[in-house]
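What's in upload-v9.txt: compact mmCIF, C-alpha atoms
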# COMPACT_ATOMS: atom_id res chain seq x y z
CA MET A 1 0.00 0.00 0.00
CA SER A 2 2.86 2.28 0.75
CA THR A 3 4.23 1.84 -2.75
CA ALA A 4 1.05 3.27 -4.31
CA PHE A 5 1.42 6.31 -2.08
CA TYR A 6 5.09 6.63 -3.00
CA TRP A 7 4.79 6.33 -6.76
CA SER A 8 1.66 8.42 -7.14
CA ILE A 9 3.55 11.38 -5.68
CA ALA A 10 6.35 10.87 -8.18
CA GLY A 11 3.83 10.62 -11.00
CA THR A 12 2.12 13.83 -9.94
CA ALA A 13 5.43 15.67 -9.71
CA ALA A 14 6.64 14.47 -13.10
CA GLY A 15 3.24 15.25 -14.62
CA LEU A 16 3.36 18.81 -13.27
CA VAL A 17 6.83 19.35 -14.71
CA LEU A 18 5.76 18.06 -18.12
CA VAL A 19 2.53 20.08 -18.21
CA GLY A 20 4.42 23.19 -17.17
CA LEU A 21 7.02 22.61 -19.86
CA TRP A 22 4.32 22.09 -22.45
CA GLY A 23 2.73 25.36 -21.41
CA ILE A 24 6.04 27.21 -21.67
CA LEU A 25 6.54 25.84 -25.18
CA THR A 26 3.07 26.35 -26.60
CA ARG A 27 1.27 29.25 -24.88
CA LYS A 28 1.32 32.75 -26.34
CA HIS A 29 0.22 35.06 -23.52
CA ILE A 30 3.27 36.03 -21.46
CA LEU A 31 1.48 35.70 -18.11
CA ARG A 32 0.25 32.25 -19.09
CA ILE A 33 3.86 31.27 -19.71
CA ALA A 34 4.78 32.61 -16.27
CA LEU A 35 1.99 30.51 -14.74
CA ALA A 36 3.26 27.41 -16.56
CA PHE A 37 6.74 28.19 -15.26
CA THR A 38 5.35 28.26 -11.72
CA LEU A 39 3.66 24.89 -12.28
CA ALA A 40 6.92 23.31 -13.46
CA ASP A 41 8.66 24.85 -10.44
CA THR A 42 6.13 23.25 -8.08
CA GLY A 43 6.63 19.90 -9.79
CA VAL A 44 10.41 20.03 -9.46
CA ASN A 45 10.11 20.90 -5.77
CA LEU A 46 7.73 17.99 -5.21
CA LEU A 47 10.13 15.61 -6.97
CA LEU A 48 13.07 16.80 -4.85
CA VAL A 49 11.24 16.36 -1.55
CA TRP A 50 9.98 12.99 -2.75
CA SER A 51 13.57 11.86 -3.38
CA GLY A 52 14.29 12.31 0.33
CA TYR A 53 11.12 10.65 1.56
CA LEU A 54 11.42 7.37 3.42
CA PRO A 55 8.15 5.53 4.09
CA GLY A 56 7.00 4.95 7.62
CA ARG A 57 9.08 7.67 9.23
CA THR A 58 8.31 11.05 10.75
CA ALA A 59 9.36 14.62 10.08
CA PRO A 60 12.98 15.56 10.89
CA ILE A 61 12.03 17.42 14.04
CA VAL A 62 13.16 15.85 17.28
CA ASP A 63 10.58 15.72 20.04
CA GLY A 64 9.87 13.45 22.98
CA THR A 65 8.76 10.50 20.86
CA ILE A 66 12.15 10.03 19.16
CA SER A 67 15.07 8.68 21.16
CA ALA A 68 18.51 10.13 20.44
CA SER A 69 20.01 6.74 19.70
CA GLY A 70 17.39 5.56 17.21
CA ILE A 71 17.01 8.84 15.35
CA THR A 72 18.66 7.67 12.12
CA SER A 73 15.93 5.07 11.63
CA ALA A 74 13.07 7.36 12.69
CA VAL A 75 13.15 10.50 10.51
CA VAL A 76 13.18 11.30 6.79
CA ASP A 77 16.11 12.95 5.01
CA PRO A 78 16.28 16.67 5.98
CA LEU A 79 18.68 17.68 3.20
CA PRO A 80 16.26 17.79 0.21
CA GLN A 81 13.72 19.60 2.38
CA ALA A 82 16.26 22.30 3.22
CA MET A 83 17.16 22.69 -0.45
CA VAL A 84 13.52 22.93 -1.51
CA LEU A 85 12.73 25.47 1.21
CA THR A 86 15.20 27.90 -0.31
CA SER A 87 14.19 26.91 -3.84
CA ILE A 88 10.55 27.93 -3.26
CA VAL A 89 11.53 31.42 -2.10
CA ILE A 90 13.90 31.86 -5.04
CA GLY A 91 11.17 30.58 -7.36
CA VAL A 92 8.66 33.24 -6.37
CA ALA A 93 11.28 36.00 -6.59
CA VAL A 94 12.16 34.86 -10.11
CA ALA A 95 8.46 34.68 -10.98
CA ALA A 96 8.06 38.29 -9.80
CA LEU A 97 10.93 39.34 -12.05
CA PHE A 98 9.37 37.36 -14.91
CA VAL A 99 6.02 39.11 -14.47
CA VAL A 100 7.56 42.59 -14.23
CA VAL A 101 9.69 42.12 -17.34
CA GLY A 102 6.69 40.63 -19.13
CA VAL A 103 4.49 43.58 -18.17
CA LEU A 104 7.07 46.06 -19.44
CA ALA A 105 7.62 44.13 -22.67
CA SER A 106 3.89 43.99 -23.30
CA ARG A 107 3.63 47.75 -22.65
CA ARG A 108 6.36 48.38 -25.17
CA THR A 109 4.94 46.18 -27.92
CA GLY A 110 1.30 46.93 -27.12
CA SER A 111 0.43 43.26 -26.84
CA ALA A 112 0.96 40.43 -24.40
CA ASP A 113 1.58 38.02 -27.26
CA VAL A 114 5.12 36.66 -27.11
CA ARG A 115 5.22 36.25 -30.90
CA ARG A 116 5.18 40.03 -31.24
CA MET A 117 7.99 40.63 -28.75
CA LYS A 118 10.73 40.71 -31.33
CA GLU A 119 13.01 42.77 -29.07
CA LEU A 120 13.42 39.74 -26.82
CA ARG A 121 14.78 37.60 -29.63
CA TRP A 122 18.31 37.45 -30.78
CA MET B 1 -3.47 8.32 9.81
CA THR B 2 -3.71 5.00 8.09
CA GLU B 3 -1.76 4.30 4.95
CA THR B 4 -4.92 3.63 2.98
CA LEU B 5 -6.29 7.05 3.82
CA MET B 6 -2.96 8.70 2.94
CA THR B 7 -2.91 6.90 -0.40
CA VAL B 8 -6.47 7.96 -1.16
CA ILE B 9 -5.66 11.59 -0.29
CA VAL B 10 -2.52 11.60 -2.41
CA VAL B 11 -4.18 10.00 -5.42
CA THR B 12 -7.12 12.41 -5.19
CA PHE B 13 -4.94 15.49 -4.85
CA GLY B 14 -2.52 14.26 -7.51
CA GLY B 15 -5.32 13.77 -9.99
CA MET B 16 -6.77 17.18 -9.17
CA MET B 17 -3.36 18.83 -9.50
CA ILE B 18 -2.67 17.37 -12.95
CA THR B 19 -6.18 18.24 -14.13
CA ALA B 20 -5.84 21.76 -12.73
CA ALA B 21 -2.42 22.19 -14.34
CA ILE B 22 -3.84 21.29 -17.74
CA ALA B 23 -6.78 23.60 -17.05
CA VAL B 24 -4.34 26.48 -16.38
CA LEU B 25 -3.12 26.17 -19.96
CA PHE B 26 -6.53 25.92 -21.58
CA VAL B 27 -9.01 27.91 -19.49
CA ARG B 28 -10.05 31.04 -21.32
CA ASP B 29 -10.08 33.54 -18.48
CA LEU B 30 -6.68 34.60 -17.17
CA LEU B 31 -8.07 35.30 -13.68
CA SER B 32 -9.31 31.71 -13.43
CA ALA B 33 -5.91 30.45 -14.56
CA ILE B 34 -4.19 32.43 -11.79
CA ILE B 35 -6.57 31.15 -9.11
CA ILE B 36 -6.15 27.57 -10.36
CA THR B 37 -2.36 27.95 -10.11
CA GLY B 38 -2.84 28.99 -6.50
CA PHE B 39 -4.92 25.85 -5.96
CA VAL B 40 -2.14 23.69 -7.41
CA SER B 41 0.35 25.28 -5.01
CA LEU B 42 -1.96 24.69 -2.06
CA SER B 43 -2.44 21.04 -3.03
CA ALA B 44 1.34 20.71 -3.33
CA SER B 45 1.55 21.97 0.24
CA VAL B 46 -0.79 19.16 1.34
CA MET B 47 1.50 16.69 -0.43
CA PHE B 48 4.56 18.13 1.31
CA LEU B 49 2.78 17.68 4.63
CA LEU B 50 2.02 14.04 3.82
CA MET B 51 5.67 13.52 2.88
CA ASP B 52 6.69 14.60 6.41
CA ALA B 53 8.03 17.97 5.34
CA PRO B 54 6.13 20.49 7.51
CA ASP B 55 8.65 23.30 6.96
CA VAL B 56 8.29 23.05 3.21
CA ALA B 57 4.51 22.78 3.50
CA ILE B 58 4.30 26.03 5.49
CA THR B 59 6.56 27.82 3.04
CA GLU B 60 4.69 26.57 -0.01
CA ALA B 61 1.33 27.54 1.52
CA SER B 62 2.41 31.06 2.41
CA ILE B 63 4.34 31.73 -0.80
CA GLY B 64 2.66 29.69 -3.50
CA ALA B 65 -0.89 30.45 -2.46
CA VAL B 66 -0.51 34.07 -1.32
CA LEU B 67 2.54 35.92 -2.60
CA ALA B 68 2.80 34.30 -6.05
CA THR B 69 -0.95 34.69 -6.63
CA MET B 70 -0.81 38.37 -5.70
CA ILE B 71 2.14 38.94 -8.04
CA PHE B 72 0.27 37.34 -10.92
CA LEU B 73 -2.88 39.29 -10.12
CA TRP B 74 -0.84 42.48 -10.26
CA GLY B 75 0.55 41.46 -13.64
CA ARG B 76 -2.95 40.71 -14.92
CA GLY B 77 -4.11 44.15 -13.82
CA LYS B 78 -1.23 45.70 -15.72
CA ILE B 79 -1.46 43.68 -18.93
CA GLY B 80 -5.11 42.74 -19.18
CA GLY B 81 -6.53 40.73 -22.00
CA ASP B 82 -6.97 36.98 -22.17
CA GLY B 83 -5.16 34.43 -24.18
CA MET C 1 -1.08 24.12 -34.65
CA ILE C 2 2.45 23.18 -35.63
CA ARG C 3 3.60 24.87 -32.45
CA THR C 4 1.27 22.81 -30.28
CA LEU C 5 2.27 19.59 -32.00
CA THR C 6 6.00 20.29 -31.72
CA GLY C 7 5.62 21.13 -28.06
CA LEU C 8 3.55 18.00 -27.49
CA ILE C 9 6.18 15.83 -29.17
CA ILE C 10 9.02 17.33 -27.14
CA VAL C 11 7.05 16.91 -23.92
CA LEU C 12 6.12 13.32 -24.78
CA VAL C 13 9.76 12.45 -25.44
CA LEU C 14 10.74 14.02 -22.14
CA GLY C 15 7.89 12.16 -20.46
CA ALA C 16 9.23 8.89 -21.83
CA VAL C 17 12.67 9.76 -20.45
CA ALA C 18 11.13 10.59 -17.07
CA ALA C 19 9.14 7.36 -17.07
CA ALA C 20 12.35 5.47 -17.73
CA VAL C 21 14.48 7.31 -15.17
CA ILE C 22 12.20 7.87 -12.18
CA PRO C 23 11.49 4.17 -11.45
CA GLU C 24 15.25 3.69 -11.23
CA MET C 25 15.20 5.85 -8.12
CA GLN C 26 14.50 2.91 -5.88
CA MET C 27 12.63 3.42 -2.66
CA ARG C 28 15.28 3.76 0.00
CA GLU C 29 14.99 2.03 3.33
CA GLU C 30 17.83 3.76 5.14
CA LEU C 31 19.40 7.19 5.20
CA GLN C 32 22.67 7.41 3.31
CA GLY C 33 25.65 9.67 2.98
CA VAL C 34 25.34 13.29 3.98
CA GLY C 35 21.76 12.96 5.15
CA TYR C 36 22.73 10.18 7.54
CA SER C 37 25.47 12.20 9.19
CA TYR C 38 23.30 15.31 9.41
CA VAL C 39 20.58 13.34 11.17
CA SER C 40 22.86 11.37 13.46
CA ARG C 41 25.00 14.32 14.55
CA GLY C 42 22.66 17.26 14.04
CA MET C 43 21.29 17.53 17.54
CA ASP C 44 24.71 17.32 19.20
CA ASP C 45 26.40 19.63 16.72
CA THR C 46 23.86 22.43 16.59
CA GLY C 47 21.48 21.99 19.52
CA SER C 48 18.54 22.50 17.18
CA SER C 49 15.59 20.13 17.42
CA ASN C 50 14.47 21.03 13.91
CA LEU C 51 17.00 19.30 11.70
CA VAL C 52 15.84 21.12 8.55
CA THR C 53 16.67 24.46 10.16
CA ALA C 54 19.97 22.97 11.34
CA VAL C 55 20.85 22.08 7.74
CA ILE C 56 19.74 25.44 6.31
CA VAL C 57 21.32 27.73 8.88
CA ALA C 58 24.23 25.78 10.36
CA TYR C 59 25.53 23.09 8.00
CA ARG C 60 24.67 24.88 4.76
CA GLY C 61 24.78 28.40 6.16
CA LEU C 62 27.14 29.59 3.44
CA ASP C 63 24.76 28.32 0.74
CA THR C 64 21.93 30.16 2.46
CA LEU C 65 24.00 33.35 2.47
CA GLY C 66 24.49 33.00 -1.28
CA GLU C 67 20.81 32.23 -1.73
CA VAL C 68 19.87 35.39 0.19
CA VAL C 69 22.11 37.29 -2.23
CA VAL C 70 20.20 35.78 -5.18
CA LEU C 71 16.94 36.87 -3.56
CA PHE C 72 18.39 40.34 -3.04
CA CYS C 73 19.37 40.57 -6.71
CA ALA C 74 15.92 39.48 -7.91
CA SER C 75 14.01 41.90 -5.67
CA THR C 76 16.41 44.74 -6.46
CA ALA C 77 15.90 44.12 -10.16
CA VAL C 78 12.12 44.25 -9.74
CA VAL C 79 12.24 47.51 -7.77
CA LEU C 80 14.80 49.03 -10.14
CA ILE C 81 12.82 48.18 -13.28
CA LEU C 82 9.61 49.55 -11.78
CA THR C 83 11.37 52.73 -10.66
CA LEU C 84 13.02 53.36 -14.01
CA TYR C 85 9.94 52.55 -16.09
CA PRO C 86 6.87 53.61 -14.12
CA ILE C 87 3.72 52.04 -15.48
CA GLY C 88 1.29 54.44 -13.94
CA ILE C 89 -2.25 53.26 -13.34
CA LYS C 90 -4.00 54.81 -10.36
CA ALA C 91 -4.59 52.76 -7.26
CA SER C 92 -8.22 51.98 -6.61
CA GLU C 93 -10.21 52.36 -3.40
CA PRO C 94 -10.36 49.16 -1.30
CA SER C 95 -13.74 47.57 -0.83
CA ARG C 96 -15.27 47.64 2.64
CA VAL C 97 -14.59 43.94 3.23
CA VAL C 98 -10.90 44.31 2.43
CA ALA C 99 -10.62 47.51 4.48
CA PHE C 100 -12.19 45.83 7.52
CA THR C 101 -10.06 42.67 7.15
CA ALA C 102 -6.96 44.81 6.91
CA LYS C 103 -7.82 46.34 10.27
CA VAL C 104 -8.51 43.09 12.12
CA LEU C 105 -6.15 40.43 10.79
CA PRO C 106 -2.65 42.01 10.65
CA ALA C 107 -1.87 41.65 14.37
CA PRO C 108 -2.51 37.88 14.64
CA ILE C 109 -0.78 37.16 11.32
CA LEU C 110 2.21 39.25 12.41
CA LEU C 111 2.37 37.32 15.67
CA PHE C 112 2.27 34.08 13.66
CA GLY C 113 5.20 35.21 11.51
CA VAL C 114 7.27 36.28 14.49
CA TYR C 115 6.53 32.93 16.15
CA PHE C 116 7.77 31.11 13.05
CA ILE C 117 11.04 33.00 13.14
CA ALA C 118 11.59 32.84 16.89
CA HIS C 119 10.80 29.12 17.17
CA SER C 120 12.56 28.03 14.00
CA HIS C 121 14.95 25.75 15.91
CA ILE C 122 12.35 23.83 17.90
CA SER C 123 9.27 23.63 15.66
CA PRO C 124 8.44 23.85 11.94
CA GLY C 125 9.14 27.27 10.58
CA GLY C 126 12.18 29.38 9.98
CA GLY C 127 13.35 32.64 8.55
CA PHE C 128 11.98 32.08 5.05
CA PRO C 129 8.33 31.22 5.83
CA GLY C 130 8.25 33.69 8.73
CA GLY C 131 9.58 36.46 6.54
CA THR C 132 7.01 35.81 3.83
CA VAL C 133 4.19 35.74 6.38
CA ILE C 134 5.31 39.14 7.67
CA ALA C 135 5.51 40.42 4.09
CA SER C 136 1.94 39.24 3.53
CA VAL C 137 0.90 41.34 6.56
CA PHE C 138 2.49 44.34 4.88
CA LEU C 139 0.62 43.48 1.69
CA LEU C 140 -2.70 43.21 3.54
CA VAL C 141 -2.24 46.58 5.24
CA MET C 142 -1.34 48.14 1.90
CA LEU C 143 -4.40 46.63 0.21
CA GLY C 144 -6.65 48.02 2.93
CA SER C 145 -5.53 51.63 2.63
CA SER C 146 -6.34 53.94 -0.22
CA SER C 147 -3.13 55.95 0.05
CA VAL C 148 -0.08 55.11 -2.01
CA PRO C 149 3.24 54.82 -0.17
CA ASP C 150 5.79 57.40 -1.20
CA GLY C 151 9.36 56.59 -2.07
CA ARG C 152 10.74 57.12 1.40
CA GLY C 153 10.84 54.59 4.20
CA ARG C 154 13.14 52.40 6.22
CA LEU C 155 12.75 49.16 4.24
CA PRO C 156 16.16 49.39 2.49
CA ALA C 157 17.81 50.16 5.83
CA ILE C 158 16.23 47.10 7.46
CA GLU C 159 17.21 44.97 4.50
CA SER C 160 20.83 46.13 4.55
CA LEU C 161 21.04 45.78 8.31
CA ALA C 162 19.70 42.21 8.17
CA GLY C 163 22.10 41.19 5.41
CA LEU C 164 24.99 42.85 7.19
CA SER C 165 24.19 41.13 10.48
CA PHE C 166 24.08 37.75 8.72
CA GLY C 167 27.60 38.37 7.41
CA LEU C 168 28.85 39.75 10.70
CA LEU C 169 27.49 36.75 12.60
CA GLY C 170 29.52 34.62 10.24
CA PHE C 171 32.65 36.67 10.86
CA TRP C 172 32.09 36.42 14.59
CA GLY C 173 32.87 32.73 14.19
CA ILE C 174 36.14 33.59 12.44
CA MET C 175 37.11 35.92 15.27
CA THR C 176 36.44 33.38 18.01
CA VAL C 177 37.10 29.89 16.67
CA GLY C 178 38.49 30.57 13.21
CA GLN C 179 35.57 29.21 11.20
CA PHE C 180 33.06 31.17 9.11
CA LEU C 181 29.47 30.79 10.31
CA ASN C 182 30.51 28.47 13.13
CA ASN C 183 27.37 27.73 15.06
CA ALA C 184 28.46 26.28 18.36
CA PHE C 185 30.93 28.72 19.88
CA LEU C 186 28.24 30.34 22.01
CA GLY C 187 27.21 26.99 23.40
CA THR C 188 24.26 25.08 22.06
CA GLY C 189 22.04 24.89 25.15
CA THR C 190 19.41 22.27 25.82
CA PRO C 191 17.64 21.18 22.60
CA GLY C 192 13.94 21.94 22.74
CA THR C 193 14.18 25.12 24.78
CA ILE C 194 13.85 28.58 23.30
CA VAL C 195 17.44 29.58 24.18
CA SER C 196 19.31 26.87 22.33
CA GLY C 197 20.85 26.15 18.99
CA GLY C 198 23.81 28.51 19.18
CA LEU C 199 23.61 31.12 16.44
CA ILE C 200 20.53 29.60 14.76
CA PRO C 201 17.88 31.90 16.35
CA LEU C 202 19.96 35.01 15.59
CA ILE C 203 20.57 34.04 11.97
CA SER C 204 16.90 33.10 11.60
CA ILE C 205 15.93 36.60 12.73
CA ALA C 206 18.35 38.09 10.20
CA ILE C 207 16.99 35.92 7.38
CA GLY C 208 13.40 36.66 8.38
CA ALA C 209 13.97 40.41 8.46
CA LYS C 210 15.71 40.28 5.10
CA VAL C 211 13.06 38.18 3.36
CA ALA C 212 10.23 40.25 4.86
CA SER C 213 11.78 43.57 3.84
CA GLU C 214 12.62 42.33 0.34
CA PHE C 215 9.14 41.08 -0.46
CA SER C 216 7.59 44.14 1.20
CA GLY C 217 9.80 46.29 -1.02
CA VAL C 218 8.62 44.40 -4.11
CA PHE C 219 4.96 44.92 -3.19
CA LYS C 220 5.59 48.53 -2.32
CA ALA C 221 7.10 49.04 -5.77
CA PHE C 222 4.03 47.32 -7.28
CA ARG C 223 1.75 49.68 -5.38
CA ASN C 224 3.83 52.75 -6.14
CA THR C 225 3.67 52.17 -9.83
CA GLY C 226 -0.10 51.96 -9.60
CA GLY C 227 -2.69 49.26 -9.62
CA THR C 228 -4.70 47.28 -7.16
CA VAL C 229 -1.82 45.45 -5.51
How would this structure read if it were set down as structure tokens?
Amino acid sequence: MSTAFYWSIAGTAAGLVLVGLWGILTRKHILRIALAFTLADTGVNLLLVWSGYLPGRTAPIVDGTISASGITSAVVDPLPQAMVLTSIVIGVAVAALFVVVGVLASRRTGSADVRRMKELRW
Amino acid sequence: MTETLMTVIVVTFGGMMITAAIAVLFVRDLLSAIIITGFVSLSASVMFLLMDAPDVAITEASIGAVLATMIFLWGRGKIGGDG
Amino acid sequence: MIRTLTGLIIVLVLGAVAAAVIPEMQMREELQGVGYSYVSRGMDDTGSSNLVTAVIVAYRGLDTLGEVVVLFCASTAVVLILTLYPIGIKASEPSRVVAFTAKVLPAPILLFGVYFIAHSHISPGGGFPGGTVIASVFLLVMLGSSSVPDGRGRLPAIESLAGLSFGLLGFWGIMTVGQFLNNAFLGTGTPGTIVSGGLIPLISIAIGAKVASEFSGVFKAFRNTGGTV
């Protein structure tokens, strides 16, 4: 039963990444691309946390129920969680930059359609 | 919480998240797309909680569902138009 | 049409790669490598009950410092772009519901954010979520008032002070025990109590203040340039 739990999370994460990537490749409205970027970001974060998940254990926070000697067999891996925690904050800052640049580009070209933003090409 | 219940929750939320992600790309109204993205982030926070990552769940809930949504709403107000 | 099809093909190929690779990541039964040593030694090394915070602030403190710099660059770029190219739509009046909510809710949410930061070493939380919660308080207050903030304010000062204190706390370790961002030279205390974890509470406060002031600055720039947010 635990394997269904485990693999359905991985499937969801991979699916989010793929849908987000598809949106980045095919959508035309710049904000819609930013939204797809956020979706892919969420999927990557889910996949990273999933890679540190060990079934049947508890969160890496020591309280009275965990003895100091048996801690290595009682908690999940804290390292991917720490990485993802910073990654989420960076992700939203980058999304804010994305939106601001997109707004300015759409002001300049008069349209939010990325096909008309020729200044952004090289 | 039993494992069966956790599996049911994860499968339900996973299905909803994938469906919502596809809906973000195809729904006509940009406002709806932004709100649906916030829903995906909130569901991801539930998944983080079930994967024993409470720190990440708190961060995702406060950032993905509030700050990111507000940033996108601001951008929608500035650009306007659907597509 | 051709665009959609090309994108679909690329994504399907990548999906096939993912479907081939992800099942190779076998379900682990035991902690390995770095994660094992962080978990087994974390409590003794840092005195922090929350091992995630121990990894972020103590073991990978230098990475976090660099990450805060990335955040600083992104928020500075947003504020700079919006200052150089003002967009200029007038802010609208808040509705009565929003105005009332903005009077009632800020105090409890602010308390929640401060709790996150202050208890980052003994319960879930930390500088990053606490800082964003405080920034959302700022956002709520701003949404509830009809006035637009002017360009002045102490946000840049708070931001600089927080970043500076993070660096100085690191150098304090060099001065005393010869190691940058050493956590334990103050003593680690009893894990689980509020005064424990060496430098972790202090650095959490610095990170929280920095994140809160950066996101508040971004939203202030959004509001300044006009619009409903």
Taking a cut-off of 8 Å and counting all atoms listed in the file, can you build a table that, for each residue of chain B near chain A, reports the nearest atom pair and how far apart they are in Å (one decimal), sorted by chain then residue number, as a tab-separated table?
residue	atom	partner	partner_atom	distance
B:Glu3	CA	A:Ser2	CA	6.6
B:Thr4	CA	A:Met1	CA	6.8
B:Met6	CA	A:Phe5	CA	7.1
B:Thr7	CA	A:Phe5	CA	4.7
B:Val10	CA	A:Phe5	CA	6.6
B:Val11	CA	A:Ser8	CA	6.3
B:Gly14	CA	A:Thr12	CA	5.3
B:Gly15	CA	A:Thr12	CA	7.4
B:Met17	CA	A:Thr12	CA	7.4
B:Ile18	CA	A:Leu16	CA	6.2
B:Ala21	CA	A:Val19	CA	6.6
B:Ile22	CA	A:Val19	CA	6.5
B:Val24	CA	A:Ala36	CA	7.7
B:Leu25	CA	A:Gly23	CA	6.1
B:Leu30	CA	A:Arg32	CA	7.6
B:Ala33	CA	A:Arg32	CA	7.9
B:Ile34	CA	A:Leu35	CA	7.1
B:Thr37	CA	A:Leu35	CA	6.8
B:Val40	CA	A:Leu39	CA	7.7
B:Ser41	CA	A:Thr42	CA	6.9
B:Ala44	CA	A:Leu46	CA	7.2
B:Met47	CA	A:Ile9	CA	7.7
B:Phe48	CA	A:Leu46	CA	7.3
B:Met51	CA	A:Tyr53	CA	6.3
B:Asp52	CA	A:Ala59	CA	4.5
B:Ala53	CA	A:Ala59	CA	6.0
B:Pro54	CA	A:Ala59	CA	7.2
B:Asp55	CA	A:Leu85	CA	7.4
B:Val56	CA	A:Leu85	CA	5.4
B:Thr59	CA	A:Leu85	CA	6.9
B:Glu60	CA	A:Ile88	CA	6.8
B:Ile63	CA	A:Val92	CA	7.2
B:Gly64	CA	A:Val92	CA	7.5
B:Leu67	CA	A:Val92	CA	7.7
B:Ala68	CA	A:Val92	CA	6.0
B:Ile71	CA	A:Ala96	CA	6.2
B:Phe72	CA	A:Val99	CA	7.0
B:Gly75	CA	A:Val99	CA	6.0
B:Arg76	CA	A:Leu31	CA	7.4
B:Lys78	CA	A:Val103	CA	6.6
B:Ile79	CA	A:Val103	CA	6.0
B:Gly81	CA	A:Ala112	CA	7.9
B:Asp82	CA	A:His29	CA	7.6
B:Gly83	CA	A:His29	CA	5.5
Given the selection you just returned, output its residues as a file containing C-alpha atoms, formatted as a compact mmCIF listing (two decimals), in the coordinates of the input.
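File written: result-v3.txt
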# COMPACT_ATOMS: atom_id res chain seq x y z
CA GLU B 3 -1.76 4.30 4.95
CA THR B 4 -4.92 3.63 2.98
CA MET B 6 -2.96 8.70 2.94
CA THR B 7 -2.91 6.90 -0.40
CA VAL B 10 -2.52 11.60 -2.41
CA VAL B 11 -4.18 10.00 -5.42
CA GLY B 14 -2.52 14.26 -7.51
CA GLY B 15 -5.32 13.77 -9.99
CA MET B 17 -3.36 18.83 -9.50
CA ILE B 18 -2.67 17.37 -12.95
CA ALA B 21 -2.42 22.19 -14.34
CA ILE B 22 -3.84 21.29 -17.74
CA VAL B 24 -4.34 26.48 -16.38
CA LEU B 25 -3.12 26.17 -19.96
CA LEU B 30 -6.68 34.60 -17.17
CA ALA B 33 -5.91 30.45 -14.56
CA ILE B 34 -4.19 32.43 -11.79
CA THR B 37 -2.36 27.95 -10.11
CA VAL B 40 -2.14 23.69 -7.41
CA SER B 41 0.35 25.28 -5.01
CA ALA B 44 1.34 20.71 -3.33
CA MET B 47 1.50 16.69 -0.43
CA PHE B 48 4.56 18.13 1.31
CA MET B 51 5.67 13.52 2.88
CA ASP B 52 6.69 14.60 6.41
CA ALA B 53 8.03 17.97 5.34
CA PRO B 54 6.13 20.49 7.51
CA ASP B 55 8.65 23.30 6.96
CA VAL B 56 8.29 23.05 3.21
CA THR B 59 6.56 27.82 3.04
CA GLU B 60 4.69 26.57 -0.01
CA ILE B 63 4.34 31.73 -0.80
CA GLY B 64 2.66 29.69 -3.50
CA LEU B 67 2.54 35.92 -2.60
CA ALA B 68 2.80 34.30 -6.05
CA ILE B 71 2.14 38.94 -8.04
CA PHE B 72 0.27 37.34 -10.92
CA GLY B 75 0.55 41.46 -13.64
CA ARG B 76 -2.95 40.71 -14.92
CA LYS B 78 -1.23 45.70 -15.72
CA ILE B 79 -1.46 43.68 -18.93
CA GLY B 81 -6.53 40.73 -22.00
CA ASP B 82 -6.97 36.98 -22.17
CA GLY B 83 -5.16 34.43 -24.18
Exercise. What is the distance between CA of Met43 in chain C and CA of His121 in chain C, in Å to one decimal?
Worked result: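 One can read the CA of Met43 in chain C to CA of His121 in chain C distance as 10.5 Å.
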Exercise. Using only C-alpha atoms, which residue out of C:Val97, C:Leu181, C:Leu139, C:Leu8 lies closest to Asp63 in chain C?
Worked result: C:Leu181
For this session: Provide the CA of Leu73 in chain B to CA of Met142 in chain C distance in Å, to one decimal place.
Result: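 CA of Leu73 in chain B sits 15.0 Å away from CA of Met142 in chain C.
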For this session: Determine the nearest neighbour of chain B from the options C:Gly131, C:Gly42, C:Pro156, C:Gly33, counting only C-alpha atoms.
Result: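 Smallest separation from chain B among the options: C:Gly131.
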Problem set entry | Neighbours of chain A in chain C at 6 Å, counting all atoms listed in the file, as an MDAnalysis selection string | chainID C and resid 4 7 35 40 49:52 56 74 78
Exercise. Nearest to chain C: which of B:Met16, B:Val46, B:Ala65, B:Ile58 is it, counting all atoms listed in the file?
Worked result: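 The shortest atom-to-atom distance to chain C comes from B:Ile58.
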Exercise. Can you tell me, as a PyMOL selection string, what residues are no more than 8 Å from range 159-167 of chain C when counting all atoms listed in the file, ignoring any on the same chain fewer than 5 positions away?
Worked result: chain C and resi 65+203+206-207+209-210+213-214
Exercise. Distance CA of Val104 in chain C-CA of Val133 in chain C, one decimal place?
Worked result: 15.8 Å
Exercise. Any idea what's packed within 6 Å of range 188-195 of chain C, counting all atoms listed in the file, ignoring anything in its chain fewer than 3 positions away? Could you give it as a ChimeraX atom specification?
Worked result: /C:47-49,122,184,198
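Among the candidate residues C:Pro124, C:Met25, C:Leu14, C:Ser216, the one lying nearest to chain B is C:Pro124, with distances computed using all atoms listed in the file.
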